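Notes to accompany the following structure.
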Amino acid sequence: MGSAQQLHLGVALDGAGQHPAAWRVSDVRPSALFTAAHYLAHAKLAEAASLDFVTLDDTLALQPGGEEVVRGRLDALLTFAAIAPVTSGIGLVPTVTTTHTEPFHISTAVASLDFASRGRAGVLAVPSRTEAEVAHFGRRTLPSEVDAEAENAEVVDVIARLWDSWEDGAIIRDEPTGRFIDREKLHYVDFEGRFFSIKGPSITPRPPQGHPVVAVYGDSPYAHGADVVLVDEIRGARERFPDAKLLAGLSIVLAETEQAAIDRRRALEAYAPFPPGPSFTGTPADLATELPRLAASNSLDGFHLRPAVLPDDLTLFTAETVPALQAAGAFRQAYTGATLRDHLGLGVAANQYAEA
């Protein structure tokens with residue numbers, strides 16, 4: 001084993017792949033995109049390679065575009081709840097929109113996912129900033145970008161408080177006294193913020209991880225306080241987020257030769273432009289060389305990979321790039337812990353209401 005930095009690796013399982021035309025070249029049938037089996041199969045690929053986690057995108061509006069793009073999606077959190085019992089190692093990090101969703105509901109849903117996955121849940125907290133999503137609910141006006149991000153940060157704060165509102169030993173099941181819970185270990189949150197007030201306690205006991213992993217995108221001025229920050233602009237990112245696990249987004253187009261990868265990319269771009277953001281086009285071996293270099297030169301903890309086409313790019317990444325990283329000592333050989341916090345080296349989450 002070498003002395004290289006150990007990378008953290010997550011992968012996006014969005015639809016037929018990140019590229020808008022992925023569905024036109026993928027072997028996956030379009031109808032499969034609306035089945036849990038589709039996401040389970042790809043989560044299993046990531047799990048076999050001991051990747052840290054998978055993500056699934058979500059919004060409260062249809063994807064933009066016309067007939068040439070995939071439109072419609074399954075609820076990300078519910079989909080991961082469906083595959084949680086039949087996976088064993090991979091972290092599950094669904095996107096949850098915070099702007100039109102009550103923090104109480106988010107906290108209990110993510111806690112439930114943590115129970116279903118036996119401690120492998122996370123949440124990618126994302127605000128909503130479109131008129132279409134506002135129109136679906138009709139309860140508020142469109143928040144400004146700054147207000148939406150500030151509210152997202154307040155939600156992140158509150159859901160952690162709700163997870164802590166039950167202490168770990170609150171369930172005692174004391175048959176002689178007839179007490180199922182120790183009432184002294186349940187706590188009111190009593191949160192008064194700019195956007196809402198929350199009484200608590202939660203209706204769901206404290207999750208197995210204490211705090212499921214919270215991730216946010218790094219384009220927010222309020223991204224501090226999350227466990228994981230996902231960034232596309234890597235320059236200066238470590239200075240902005242000194243305490244978080246910092247993972248750079250990277251789209252990947254892979255093939256056994258560089259020219260074949262370029263040809264694959266050109267074929268996709270003949271249908272539609274490639275989405276903006278950092279990308280890599282080349283061989284799995286070259287990607288295995290590039291990832292540690294990028295991480296070291298930018299003080300990154302790892303990468304959030306976005307396969308252009310599923311399963312093609314994920315298959316090559318897990319079958320060839322990951323073993324090359326392992327051989328170089330830059331990635332784990334197998335899971336060494338049971339929870340997503342273990343995978344990411346986050347340590348035990350302290351309960352802010354429990355006595356020291």
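Just remember, in the structure tokens the first chain shown is A, the second B, etc., residues are 1-based per chain, and ligands are 1-based in the order shown.
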
Contact residues around Ser112 of chain A with only C-alpha atoms at 12 Å, ignoring same-chain residues under 3 positions, as number ranges by chain: A: 77-78, 80-82, 84-85, 105-109, 115-123, 163, 202-212

Might you pull out every residue within 8 Å of segment 36-52 of chain A, with only C-alpha atoms counted and same-chain residues fewer than 3 positions away left off, and present them as an mmCIF file with N, CA and C atoms, in the first residue's frame?
data_model
loop_
_atom_site.group_PDB
_atom_site.id
_atom_site.type_symbol
_atom_site.label_atom_id
_atom_site.label_comp_id
_atom_site.auth_asym_id
_atom_site.auth_seq_id
_atom_site.Cartn_x
_atom_site.Cartn_y
_atom_site.Cartn_z
ATOM 1 N N HIS A 8 -12.203 10.116 -1.193
ATOM 2 C CA HIS A 8 -13.605 9.779 -1.006
ATOM 3 C C HIS A 8 -14.291 9.917 -2.362
ATOM 4 N N LEU A 9 -15.142 8.946 -2.701
ATOM 5 C CA LEU A 9 -15.761 8.920 -4.021
ATOM 6 C C LEU A 9 -17.255 8.674 -3.906
ATOM 7 N N GLY A 10 -18.029 9.610 -4.456
ATOM 8 C CA GLY A 10 -19.462 9.429 -4.607
ATOM 9 C C GLY A 10 -19.814 9.455 -6.076
ATOM 10 N N VAL A 11 -20.962 8.914 -6.419
ATOM 11 C CA VAL A 11 -21.351 8.864 -7.830
ATOM 12 C C VAL A 11 -22.833 9.171 -7.969
ATOM 13 N N LEU A 13 -26.438 8.871 -9.716
ATOM 14 C CA LEU A 13 -27.201 7.843 -10.435
ATOM 15 C C LEU A 13 -28.423 8.455 -11.116
ATOM 16 N N ALA A 32 -37.311 1.709 -17.617
ATOM 17 C CA ALA A 32 -36.576 1.273 -16.429
ATOM 18 C C ALA A 32 -36.206 2.435 -15.524
ATOM 19 N N LEU A 33 -36.162 3.652 -16.076
ATOM 20 C CA LEU A 33 -35.783 4.813 -15.281
ATOM 21 C C LEU A 33 -36.797 5.096 -14.176
ATOM 22 N N THR A 79 -37.077 6.444 -3.365
ATOM 23 C CA THR A 79 -36.366 5.444 -4.164
ATOM 24 C C THR A 79 -35.221 4.828 -3.374
ATOM 25 N N ALA A 82 -36.404 2.436 -0.845
ATOM 26 C CA ALA A 82 -36.762 1.136 -1.413
ATOM 27 C C ALA A 82 -35.548 0.233 -1.567
ATOM 28 N N ILE A 83 -34.383 0.814 -1.922
ATOM 29 C CA ILE A 83 -33.206 -0.029 -2.146
ATOM 30 C C ILE A 83 -32.350 -0.179 -0.891
ATOM 31 N N THR A 87 -29.245 -3.232 0.015
ATOM 32 C CA THR A 87 -27.843 -2.866 -0.106
ATOM 33 C C THR A 87 -27.224 -3.006 1.287
ATOM 34 N N SER A 88 -25.900 -3.023 1.349
ATOM 35 C CA SER A 88 -25.283 -3.291 2.646
ATOM 36 C C SER A 88 -24.144 -2.359 3.007
ATOM 37 N N GLY A 89 -23.519 -1.710 2.039
ATOM 38 C CA GLY A 89 -22.365 -0.885 2.352
ATOM 39 C C GLY A 89 -22.433 0.530 1.823
ATOM 40 N N ILE A 90 -23.065 0.731 0.690
ATOM 41 C CA ILE A 90 -23.029 2.015 0.016
ATOM 42 C C ILE A 90 -23.874 3.061 0.742
ATOM 43 N N GLY A 91 -23.342 4.275 0.876
ATOM 44 C CA GLY A 91 -24.112 5.376 1.424
ATOM 45 C C GLY A 91 -25.171 5.844 0.440
ATOM 46 N N PRO A 311 -25.308 2.322 -17.989
ATOM 47 C CA PRO A 311 -24.265 1.983 -17.010
ATOM 48 C C PRO A 311 -22.834 2.129 -17.524
ATOM 49 N N LEU A 314 -20.123 4.205 -15.530
ATOM 50 C CA LEU A 314 -19.992 3.682 -14.173
ATOM 51 C C LEU A 314 -19.327 2.309 -14.190
ATOM 52 N N THR A 315 -19.678 1.486 -15.161
ATOM 53 C CA THR A 315 -19.080 0.152 -15.261
ATOM 54 C C THR A 315 -17.572 0.243 -15.463
ATOM 55 N N THR A 318 -15.850 1.637 -12.175
ATOM 56 C CA THR A 318 -15.736 0.690 -11.069
ATOM 57 C C THR A 318 -14.851 -0.497 -11.415
ATOM 58 N N ALA A 319 -14.850 -0.902 -12.685
ATOM 59 C CA ALA A 319 -14.083 -2.087 -13.078
ATOM 60 C C ALA A 319 -12.610 -1.795 -13.300
ATOM 61 N N VAL A 322 -11.222 2.284 -10.337
ATOM 62 C CA VAL A 322 -11.122 2.021 -8.898
ATOM 63 C C VAL A 322 -9.983 1.042 -8.581
ATOM 64 N N ARG A 332 -9.707 2.938 -0.697
ATOM 65 C CA ARG A 332 -9.849 1.766 0.171
ATOM 66 C C ARG A 332 -10.004 0.480 -0.636
ATOM 67 N N GLN A 333 -9.560 -0.619 -0.066
ATOM 68 C CA GLN A 333 -9.741 -1.931 -0.675
ATOM 69 C C GLN A 333 -11.138 -2.488 -0.391
ATOM 70 N N ALA A 334 -11.701 -2.101 0.748
ATOM 71 C CA ALA A 334 -13.024 -2.582 1.151
ATOM 72 C C ALA A 334 -13.536 -1.641 2.229
ATOM 73 N N TYR A 335 -14.829 -1.715 2.506
ATOM 74 C CA TYR A 335 -15.389 -0.913 3.592
ATOM 75 C C TYR A 335 -14.783 -1.361 4.914
ATOM 76 N N LEU A 340 -22.227 5.500 6.827
ATOM 77 C CA LEU A 340 -21.698 6.504 5.899
ATOM 78 C C LEU A 340 -20.752 7.456 6.621
ATOM 79 N N HIS A 343 -17.487 5.758 6.560
ATOM 80 C CA HIS A 343 -16.832 5.829 5.245
ATOM 81 C C HIS A 343 -16.118 7.171 5.067
ATOM 82 N N LEU A 344 -16.775 8.246 5.509
ATOM 83 C CA LEU A 344 -16.254 9.590 5.288
ATOM 84 C C LEU A 344 -15.328 10.063 6.405
#

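Computed from the coordinates, the atom CA of Ala12 of chain A to atom CA of Leu92 of chain A distance equals 10.5 Å.
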
Fewer than 5 positions away in the same chain doesn't count, so skip those; otherwise give me all residues within 8 Å of Asp232 of chain A, counting only C-alpha atoms, as an NGL selection string. :A and (218 or 248-250 or 277-278)

Could the residues in this selection be written to a file with N, CA and C atoms, as a PDB file, in the first residue's frame?
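To be explicit, this is the file written out as part_4.pdb:
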ATOM      1  N   GLY A 218     -21.646  23.838  -3.075  1.00  0.00           N
ATOM      2  CA  GLY A 218     -20.752  24.883  -2.611  1.00  0.00           C
ATOM      3  C   GLY A 218     -20.941  26.234  -3.251  1.00  0.00           C
ATOM      4  N   ALA A 248     -15.237  17.489  -5.359  1.00  0.00           N
ATOM      5  CA  ALA A 248     -15.437  18.207  -6.610  1.00  0.00           C
ATOM      6  C   ALA A 248     -16.305  17.392  -7.563  1.00  0.00           C
ATOM      7  N   GLY A 249     -17.275  18.057  -8.179  1.00  0.00           N
ATOM      8  CA  GLY A 249     -18.091  17.409  -9.199  1.00  0.00           C
ATOM      9  C   GLY A 249     -17.285  17.202 -10.466  1.00  0.00           C
ATOM     10  N   LEU A 250     -17.443  16.043 -11.085  1.00  0.00           N
ATOM     11  CA  LEU A 250     -16.688  15.737 -12.300  1.00  0.00           C
ATOM     12  C   LEU A 250     -17.502  14.798 -13.183  1.00  0.00           C
ATOM     13  N   GLY A 277     -19.663  22.584 -16.409  1.00  0.00           N
ATOM     14  CA  GLY A 277     -18.973  22.051 -15.241  1.00  0.00           C
ATOM     15  C   GLY A 277     -17.763  21.232 -15.635  1.00  0.00           C
ATOM     16  N   PRO A 278     -16.899  20.919 -14.686  1.00  0.00           N
ATOM     17  CA  PRO A 278     -15.688  20.144 -14.971  1.00  0.00           C
ATOM     18  C   PRO A 278     -16.029  18.766 -15.532  1.00  0.00           C
TER      19      PRO A 278
END

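The shortest atom-to-atom distance to Leu287 of chain A, with only C-alpha atoms taken into account, belongs to A:Glu320 out of A:Asp342, A:Glu233, A:Asp114, A:Glu320.
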
Near Val28 of chain A, within 10 Å and counting only C-alpha atoms, which residues show up once chain neighbours fewer than 5 positions away are dropped, as a ChimeraX atom specification? /A:15-16,22-23,33,38,309-312

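Nearest-residue note for His136 of chain A: choosing from A:Thr59, A:Arg194, A:Thr177, A:Gly225, the minimum distance belongs to A:Thr59, counting only C-alpha atoms.
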
Could you check which of A:Leu62, A:Ala324, A:Ile252, A:Ala354 is closest to Glu133 of chain A, using only C-alpha atoms? A:Leu62

Could you pull out the helix (DSSP H, G or I) residues of segment 250-300 of chain A from DSSP and send them as number ranges by chain? A: 258-269, 284-298

Prev. selection, N, CA and C atoms, output as a JSON list (two decimals), in the first residue's frame:
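Output file part-v9.json follows:
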[["chain", "number", "residue", "atom", "x", "y", "z"],
["A", 258, "GLU", "N", -8.20, 6.83, -25.61],
["A", 258, "GLU", "CA", -8.59, 8.24, -25.53],
["A", 258, "GLU", "C", -9.43, 8.64, -26.74],
["A", 259, "GLN", "N", -9.07, 8.15, -27.93],
["A", 259, "GLN", "CA", -9.82, 8.52, -29.12],
["A", 259, "GLN", "C", -11.25, 7.98, -29.07],
["A", 260, "ALA", "N", -11.40, 6.76, -28.55],
["A", 260, "ALA", "CA", -12.75, 6.20, -28.43],
["A", 260, "ALA", "C", -13.59, 7.01, -27.46],
["A", 261, "ALA", "N", -12.98, 7.51, -26.40],
["A", 261, "ALA", "CA", -13.71, 8.36, -25.45],
["A", 261, "ALA", "C", -14.10, 9.67, -26.10],
["A", 262, "ILE", "N", -13.19, 10.25, -26.87],
["A", 262, "ILE", "CA", -13.50, 11.49, -27.59],
["A", 262, "ILE", "C", -14.64, 11.26, -28.57],
["A", 263, "ASP", "N", -14.62, 10.13, -29.25],
["A", 263, "ASP", "CA", -15.69, 9.80, -30.20],
["A", 263, "ASP", "C", -17.03, 9.64, -29.48],
["A", 264, "ARG", "N", -17.02, 9.03, -28.31],
["A", 264, "ARG", "CA", -18.26, 8.88, -27.53],
["A", 264, "ARG", "C", -18.80, 10.25, -27.15],
["A", 265, "ARG", "N", -17.92, 11.12, -26.72],
["A", 265, "ARG", "CA", -18.36, 12.47, -26.32],
["A", 265, "ARG", "C", -18.93, 13.23, -27.53],
["A", 266, "ARG", "N", -18.25, 13.15, -28.65],
["A", 266, "ARG", "CA", -18.74, 13.83, -29.85],
["A", 266, "ARG", "C", -20.10, 13.30, -30.28],
["A", 267, "ALA", "N", -20.30, 12.00, -30.13],
["A", 267, "ALA", "CA", -21.60, 11.42, -30.49],
["A", 267, "ALA", "C", -22.71, 11.98, -29.60],
["A", 268, "LEU", "N", -22.41, 12.15, -28.33],
["A", 268, "LEU", "CA", -23.40, 12.74, -27.42],
["A", 268, "LEU", "C", -23.64, 14.21, -27.75],
["A", 269, "GLU", "N", -22.56, 14.93, -28.05],
["A", 269, "GLU", "CA", -22.69, 16.35, -28.32],
["A", 269, "GLU", "C", -23.38, 16.62, -29.66],
["A", 284, "PRO", "N", -10.04, 4.92, -18.43],
["A", 284, "PRO", "CA", -10.12, 4.71, -16.98],
["A", 284, "PRO", "C", -8.77, 4.82, -16.29],
["A", 285, "ALA", "N", -7.71, 4.35, -16.93],
["A", 285, "ALA", "CA", -6.37, 4.42, -16.33],
["A", 285, "ALA", "C", -5.91, 5.86, -16.20],
["A", 286, "ASP", "N", -6.16, 6.67, -17.22],
["A", 286, "ASP", "CA", -5.76, 8.08, -17.14],
["A", 286, "ASP", "C", -6.56, 8.81, -16.07],
["A", 287, "LEU", "N", -7.83, 8.45, -15.91],
["A", 287, "LEU", "CA", -8.64, 9.06, -14.85],
["A", 287, "LEU", "C", -8.07, 8.70, -13.48],
["A", 288, "ALA", "N", -7.61, 7.48, -13.32],
["A", 288, "ALA", "CA", -7.02, 7.06, -12.05],
["A", 288, "ALA", "C", -5.75, 7.85, -11.74],
["A", 289, "THR", "N", -5.05, 8.30, -12.74],
["A", 289, "THR", "CA", -3.88, 9.15, -12.54],
["A", 289, "THR", "C", -4.29, 10.59, -12.24],
["A", 290, "GLU", "N", -5.34, 11.04, -12.90],
["A", 290, "GLU", "CA", -5.76, 12.44, -12.79],
["A", 290, "GLU", "C", -6.43, 12.76, -11.46],
["A", 291, "LEU", "N", -7.23, 11.85, -10.91],
["A", 291, "LEU", "CA", -7.97, 12.15, -9.69],
["A", 291, "LEU", "C", -7.06, 12.48, -8.51],
["A", 292, "PRO", "N", -6.04, 11.66, -8.19],
["A", 292, "PRO", "CA", -5.16, 12.03, -7.07],
["A", 292, "PRO", "C", -4.40, 13.34, -7.33],
["A", 293, "ARG", "N", -4.04, 13.59, -8.58],
["A", 293, "ARG", "CA", -3.33, 14.85, -8.89],
["A", 293, "ARG", "C", -4.24, 16.04, -8.62],
["A", 294, "LEU", "N", -5.47, 15.98, -9.10],
["A", 294, "LEU", "CA", -6.42, 17.08, -8.88],
["A", 294, "LEU", "C", -6.69, 17.28, -7.39],
["A", 295, "ALA", "N", -6.85, 16.18, -6.67],
["A", 295, "ALA", "CA", -7.14, 16.28, -5.24],
["A", 295, "ALA", "C", -5.98, 16.94, -4.50],
["A", 296, "ALA", "N", -4.76, 16.50, -4.79],
["A", 296, "ALA", "CA", -3.60, 17.03, -4.08],
["A", 296, "ALA", "C", -3.37, 18.51, -4.39],
["A", 297, "SER", "N", -3.56, 18.90, -5.65],
["A", 297, "SER", "CA", -3.26, 20.28, -6.04],
["A", 297, "SER", "C", -4.33, 21.26, -5.61],
["A", 298, "ASN", "N", -5.52, 20.76, -5.22],
["A", 298, "ASN", "CA", -6.61, 21.65, -4.83],
["A", 298, "ASN", "C", -7.14, 21.39, -3.43]]

Neighbour list for segment 154-158 of chain A as a list in words, cut-off 8 Å, only C-alpha atoms, skip fewer than 2 positions in-chain: Thr98, Pro103, Ala125, Ala150, Glu151, Asn152, Ala160, Arg161, Leu162, Phe191, Gly193, Phe195, Ile198, Val214, Gly225 and Ala226 of chain A

Suppose we keep N, CA, C and O atoms; can you now write the selection as a compact mmCIF listing (two decimals), in the first residue's frame?
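As a result, part.txt now contains:
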# COMPACT_ATOMS: atom_id res chain seq x y z
N THR A 98 -35.58 21.88 0.01
CA THR A 98 -35.92 22.41 1.33
C THR A 98 -36.91 23.57 1.31
O THR A 98 -37.54 23.84 2.33
N PRO A 103 -39.20 21.37 7.53
CA PRO A 103 -38.01 20.76 8.15
C PRO A 103 -38.35 19.54 9.00
O PRO A 103 -37.57 18.58 9.04
N ALA A 125 -29.15 18.71 0.70
CA ALA A 125 -30.17 19.74 0.92
C ALA A 125 -30.02 20.85 -0.12
O ALA A 125 -28.96 21.49 -0.21
N ALA A 150 -30.36 31.07 2.50
CA ALA A 150 -30.39 31.27 3.95
C ALA A 150 -31.40 30.33 4.60
O ALA A 150 -31.14 29.77 5.68
N GLU A 151 -32.54 30.13 3.95
CA GLU A 151 -33.54 29.21 4.48
C GLU A 151 -33.01 27.78 4.46
O GLU A 151 -33.24 27.00 5.40
N ASN A 152 -32.28 27.41 3.40
CA ASN A 152 -31.70 26.09 3.31
C ASN A 152 -30.75 25.84 4.49
O ASN A 152 -30.76 24.77 5.10
N ALA A 160 -30.87 18.85 12.29
CA ALA A 160 -29.91 18.28 13.24
C ALA A 160 -30.43 18.39 14.67
O ALA A 160 -30.27 17.48 15.49
N ARG A 161 -31.08 19.51 14.98
CA ARG A 161 -31.67 19.66 16.31
C ARG A 161 -32.76 18.62 16.54
O ARG A 161 -32.86 18.05 17.64
N LEU A 162 -33.56 18.37 15.52
CA LEU A 162 -34.63 17.37 15.67
C LEU A 162 -34.06 15.96 15.81
O LEU A 162 -34.59 15.15 16.59
N PHE A 191 -37.01 26.04 18.60
CA PHE A 191 -36.23 26.85 17.66
C PHE A 191 -37.08 28.00 17.12
O PHE A 191 -38.20 27.79 16.65
N GLY A 193 -36.49 30.87 14.31
CA GLY A 193 -35.59 31.38 13.30
C GLY A 193 -36.23 32.44 12.45
O GLY A 193 -37.35 32.89 12.71
N PHE A 195 -37.21 31.99 9.34
CA PHE A 195 -38.17 31.45 8.38
C PHE A 195 -39.25 30.60 9.02
O PHE A 195 -40.31 30.40 8.45
N ILE A 198 -39.88 25.88 15.40
CA ILE A 198 -40.05 24.44 15.58
C ILE A 198 -40.07 24.13 17.07
O ILE A 198 -39.17 24.54 17.81
N VAL A 214 -25.02 15.33 6.07
CA VAL A 214 -25.65 16.45 5.37
C VAL A 214 -24.69 17.00 4.34
O VAL A 214 -23.56 17.38 4.67
N GLY A 225 -21.39 24.52 7.76
CA GLY A 225 -22.17 23.74 8.70
C GLY A 225 -22.54 22.37 8.17
O GLY A 225 -22.97 21.51 8.94
N ALA A 226 -22.40 22.14 6.87
CA ALA A 226 -22.67 20.83 6.30
C ALA A 226 -21.45 19.92 6.49
O ALA A 226 -20.32 20.38 6.64

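A straight line drawn from atom CA of Arg238 of chain A to atom CA of His304 of chain A is 15.7 Å long.
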
Among segment 98-314 of chain A, which residues does DSSP mark as strand (DSSP E) when it is run on the backbone? Keep the chain and numbering as in the structure and answer as a ChimeraX atom specification. /A:122-126,171-174,179-181,191-192,197-198,213-217,228-231,245-254,279-282,302-307

Which residues are near Tyr353 of chain A? Cut-off 12 Å, only C-alpha atoms, ignore same chain within fewer than 3 positions. Put them as an MDAnalysis selection string. chainID A and resid 160:168 184:190 201 206 349:350 356

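Distance annotation: of A:Ala327, A:Val229, A:Leu74, A:Ile159, the residue with the minimal separation from Lys199 of chain A is A:Ile159; atom set is only C-alpha atoms.
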